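S.K.: Starting off with a structure, shown below.
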Amino acid sequence: MYQALYRKWRPKTFDEVVGQEHITEILKKQVLTDRPSHAYLFTGTRGTGKTTCAKLLAKAVNCLNPVGGNPCNRCEICRGIDSGAILDVTEMDAASNNGVDDVRAIRDEAVYAPVAARRRVYIIDEVHMLSKPAFNALLKTIEEPPEHLIFILATTELYKVPATILSRCQRYSFHRVPPDLIRSRLMQVAEAEGLELDGEAAGLLSRLADGALRDALSLLDQCSGAKIDRERVLSAIGLAENEEICRLLESLQRGDSDTALDILDRLYQSGKDVASVLEQLAALHRDLLLRFVAPGSGGALMSGGYSEGVLERLARNTDTGSLLAALDVLEEADAALDRSSDRRLCAELCLVRLCGLKPAAFVPAPQIPAQTRSAEEPPAPETAAAPAESAPEPVPEEPQEVRENPAPPALDWQTLLEKLGESLFIGDHMMLSDPSNVTAAQMGDVFVLTARNDAALQMVERNLDRIRTEAEKLAGHPVPVKAAGADGVGGDRFADMSNLFTQFGFKEEE
Ligand SMILES: [Zn+2]
């Protein structure tokens, strides 16, 4: 049976893990001294080795003959864990088992001494997906763990893990693996597998993987079956999509929001996630920016898959100022996407904003050194930077048509508080300003004030109309402001709010 490359080449010891030495060295020491922690939290982007290291650690702390802190992979315990015959090591995916009962089952079992191994190890993947009651149940177990118990929690979204859990775990951040490390690993695997992989293709794959070694190996898998060169990679990963992203950028450069939204719609309909469209767009912007500010650093290009000619053409219609501004907009949108209840709308709004960033309408671009332009080219097109100094205030672009209501930007709570200081009773205002009484959060388009005690709840409800009025003045449009009770405050009235919390992955602060 064919085994996927990333499985086949999954590290069997800590020493084989690529690019995470800052973590594996510490874990090996803990195994050597036989002093592991009771709770670990592994964080970092996907494909960087969190689960791999969790499994290695589970084996190493139980291995009969660990070698320099690594599992031996030969003793009966190591082999039993690998084959799944030893049930003392359990892996759970919180994405599909996120309920309180799943965690209670672990809790009930965890008190018993392990059967075959020395320690019970629970690996919980995607731990941020646990429901709030499940987190609470987990917390009780982590607080006073029996001697034989180890939890290894892994997450790509640290901010969704409650602070109460964080404070009880040893935390390790897995880094994106640098492209050159991925590249050499790919060459090594290709050679061992008898794949013909040339250096340029390996470089391209390593950039496309964006720091995830697992993705790089999967991409290599996709390309195998023939000699792997640049063309092979491009056709295997779908060059067509790159062309769409190029056309998208060109329409943005023209300020043509209709076409831009059409392209987004097409990509969306074809099953592409809007976040990844914006990500690719951002990568293309960074590539173009690098052409201006660091010509000759071709090896560091991130988006990959674009021909020199295409980049040259796109670069002609922009400048560093516009690129930087566009990257700001893209970054903001990326952050907003996570919290938005309508991701597509959020992405559309971002494109509309980008359409407004035509070079001439923007701040003076830094002088671009002449040599950054190709020698054969006519002098840099002056339309971009030249008018900036002499021109009067740039004429605002025609207001862009937004097809649906744009998602409102988040309200700034501190500013709103200041404004409220003028109209609220002073005692109420003091209470409202104190985060131990009230916390504020934007969830989708609703602005939620969470009261931490009954007095605070009464105060918020008493002043809700005033708060709404000030919020509307500040935002320039009506803002739905809601009062909510924290756990145990306000009783069942807020059952619907806790659904909202879950839906938006809202993290309660301590
Ligand atoms: Zn062993």
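In the structure tokens, the first chain shown is A, the next is B, and so on; residue numbers restart at 1 for each chain, and ligands run from 1 in the order shown.
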Run DSSP on the backbone of this structure and report the residues of stretch 7-150 of chain A it assigns to alpha helix (DSSP H), as a ChimeraX atom specification.
M.R.: /A:7-8,21-32,50-60,76-83,100-110,132-143
S.K.: So that I can check the surroundings of stretch 13-26 of chain A, please list as a VMD selection string every protein, DNA and RNA residue that reaches within 6 Å of it, counting only C-alpha atoms and ignoring chain neighbours fewer than 3 positions away.
M.R.: chain A and resid 29 70 177
S.K.: Would you mind listing the residues within 7 Å of ligand 1, counting only C-alpha atoms and all ligand atoms, as a list of chain:residue names?
M.R.: A:Lys59, A:Ala60, A:Cys63, A:Leu64, A:Asn65, A:Pro66, A:Pro71, A:Cys72, A:Asn73, A:Arg74, A:Cys75, A:Glu76, A:Ile77, A:Cys78
S.K.: Those same residues, written as a CSV table (one decimal), in the first residue's frame with all heavy atoms?
M.R.:
chain,number,residue,atom,x,y,z
A,59,LYS,N,6.0,8.6,23.9
A,59,LYS,CA,6.9,7.4,23.8
A,59,LYS,C,8.1,7.6,24.7
A,59,LYS,O,8.4,6.6,25.5
A,59,LYS,CB,7.3,7.2,22.4
A,59,LYS,CG,6.3,6.3,21.6
A,59,LYS,CD,7.0,5.7,20.3
A,59,LYS,CE,7.1,6.8,19.2
A,59,LYS,NZ,7.7,6.2,18.0
A,60,ALA,N,8.8,8.7,24.6
A,60,ALA,CA,10.0,8.9,25.3
A,60,ALA,C,9.9,8.8,26.8
A,60,ALA,O,10.7,8.2,27.4
A,60,ALA,CB,10.7,10.2,24.9
A,63,CYS,N,9.5,5.0,27.4
A,63,CYS,CA,10.4,4.1,26.8
A,63,CYS,C,11.3,3.4,27.8
A,63,CYS,O,11.7,4.0,28.8
A,63,CYS,CB,11.3,4.9,25.8
A,63,CYS,SG,12.6,3.9,25.0
A,64,LEU,N,11.5,2.1,27.6
A,64,LEU,CA,12.4,1.4,28.5
A,64,LEU,C,13.9,1.7,28.4
A,64,LEU,O,14.6,1.6,29.3
A,64,LEU,CB,12.1,-0.1,28.3
A,64,LEU,CG,10.7,-0.6,28.5
A,64,LEU,CD1,10.6,-2.1,28.2
A,64,LEU,CD2,10.2,-0.3,29.9
A,65,ASN,N,14.3,2.0,27.2
A,65,ASN,CA,15.7,2.4,26.9
A,65,ASN,C,15.9,3.7,26.1
A,65,ASN,O,16.4,3.6,25.0
A,65,ASN,CB,16.4,1.3,26.1
A,65,ASN,CG,16.1,-0.1,26.7
A,65,ASN,OD1,16.6,-0.3,27.8
A,65,ASN,ND2,15.4,-1.0,26.0
A,66,PRO,N,15.4,4.8,26.7
A,66,PRO,CA,15.5,6.0,25.9
A,66,PRO,C,17.0,6.3,25.5
A,66,PRO,O,17.9,6.0,26.3
A,66,PRO,CB,15.0,7.1,26.8
A,66,PRO,CG,14.9,6.5,28.1
A,66,PRO,CD,14.9,5.0,28.0
A,71,PRO,N,13.0,8.5,22.1
A,71,PRO,CA,12.5,7.1,22.3
A,71,PRO,C,13.3,6.1,21.4
A,71,PRO,O,13.8,6.5,20.4
A,71,PRO,CB,11.1,7.2,21.7
A,71,PRO,CG,11.1,8.4,20.8
A,71,PRO,CD,12.1,9.3,21.4
A,72,CYS,N,13.5,4.9,21.9
A,72,CYS,CA,14.3,3.9,21.2
A,72,CYS,C,13.6,3.3,20.0
A,72,CYS,O,14.2,2.9,19.1
A,72,CYS,CB,14.8,2.8,22.2
A,72,CYS,SG,13.5,1.6,22.5
A,73,ASN,N,12.3,3.4,20.0
A,73,ASN,CA,11.5,2.8,19.0
A,73,ASN,C,11.6,1.3,18.8
A,73,ASN,O,11.2,0.7,17.8
A,73,ASN,CB,11.8,3.5,17.6
A,73,ASN,CG,11.3,4.9,17.6
A,73,ASN,OD1,10.1,5.2,17.9
A,73,ASN,ND2,12.2,5.8,17.2
A,74,ARG,N,12.3,0.6,19.8
A,74,ARG,CA,12.5,-0.8,19.6
A,74,ARG,C,11.9,-1.6,20.8
A,74,ARG,O,11.5,-2.8,20.6
A,74,ARG,CB,14.0,-1.1,19.5
A,74,ARG,CG,14.6,-0.9,18.2
A,74,ARG,CD,15.9,-1.6,18.0
A,74,ARG,NE,17.0,-1.0,18.8
A,74,ARG,CZ,17.7,0.0,18.4
A,74,ARG,NH1,17.6,0.5,17.2
A,74,ARG,NH2,18.6,0.5,19.2
A,75,CYS,N,11.8,-1.0,22.0
A,75,CYS,CA,11.3,-1.7,23.1
A,75,CYS,C,9.8,-2.0,23.0
A,75,CYS,O,9.2,-1.5,22.1
A,75,CYS,CB,11.6,-0.9,24.4
A,75,CYS,SG,10.6,0.5,24.6
A,76,GLU,N,9.4,-2.9,23.8
A,76,GLU,CA,8.0,-3.3,23.7
A,76,GLU,C,7.0,-2.2,23.9
A,76,GLU,O,5.9,-2.1,23.3
A,76,GLU,CB,7.6,-4.5,24.7
A,76,GLU,CG,7.9,-4.1,26.1
A,76,GLU,CD,7.8,-5.3,27.0
A,76,GLU,OE1,6.7,-5.6,27.4
A,76,GLU,OE2,8.9,-5.9,27.4
A,77,ILE,N,7.4,-1.2,24.8
A,77,ILE,CA,6.5,-0.1,25.0
A,77,ILE,C,6.4,0.8,23.8
A,77,ILE,O,5.3,1.2,23.3
A,77,ILE,CB,7.0,0.7,26.2
A,77,ILE,CG1,7.1,-0.1,27.5
A,77,ILE,CG2,6.2,2.0,26.5
A,77,ILE,CD1,5.7,-0.5,28.1
A,78,CYS,N,7.6,1.2,23.3
A,78,CYS,CA,7.6,2.0,22.0
A,78,CYS,C,6.8,1.4,20.9
A,78,CYS,O,6.0,2.0,20.3
A,78,CYS,CB,9.0,2.3,21.5
A,78,CYS,SG,10.0,3.5,22.5
S.K.: Mind pulling up the distance from atom CA of A:Leu208 to atom CA of A:Thr52?
M.R.: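 Computed distance, atom CA of A:Thr52 to atom CA of A:Leu208, equals 21.5 Å.
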S.K.: Would you mind telling me which residue in A:Asp82, A:Leu41, A:Ile237, A:Arg232 lies nearest to A:Thr155 when using only C-alpha atoms?
M.R.: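 Ranking A:Asp82, A:Leu41, A:Ile237, A:Arg232 by distance to A:Thr155, first place goes to A:Leu41.
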S.K.: To one decimal place in Å, what is the distance between atom CA of A:Gly84 and atom CA of A:Arg120?
M.R.: 13.6 Å
S.K.: Counting only C-alpha atoms, which of A:Arg344, A:Arg466, A:His429, A:Arg291 gets nearest to A:Leu278?
M.R.: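 Between A:Arg344, A:Arg466, A:His429, A:Arg291, the residue approaching A:Leu278 most closely is A:Arg344.
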S.K.: So that I can see what lies close to A:Glu250, please list as a PyMOL selection string the residues with an atom at most 12 Å from it, counting only C-alpha atoms and leaving out residues fewer than 2 positions away in the same chain.
M.R.: chain A and resi 243-248+252-257+259-260+263+281+284-285+310-311+313-318+351+354-355+358
S.K.: Out of A:Leu217, A:Leu290, A:Leu464, A:Ala282, which residue has the shortest atom-to-atom distance to A:Val329 when counting only C-alpha atoms?
M.R.: A:Ala282
S.K.: Which one of A:Gln30, A:Ser270, A:Ser218, A:Thr48 sits closest to A:Arg7 if you count only C-alpha atoms?
M.R.: A:Ser218
S.K.: Report the distance between atom CA of A:Ser224 and atom CA of A:Leu186 in Å, rounded to one decimal place.
M.R.: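 Distance reported for this atom pair: 12.1 Å.
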S.K.: Which residue is closest to A:Arg339? Choose from A:Ala116, A:Ile106, A:Leu205, A:Ala441 and count only C-alpha atoms.
M.R.: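 Of all the options, A:Ala441 lies closest to A:Arg339.
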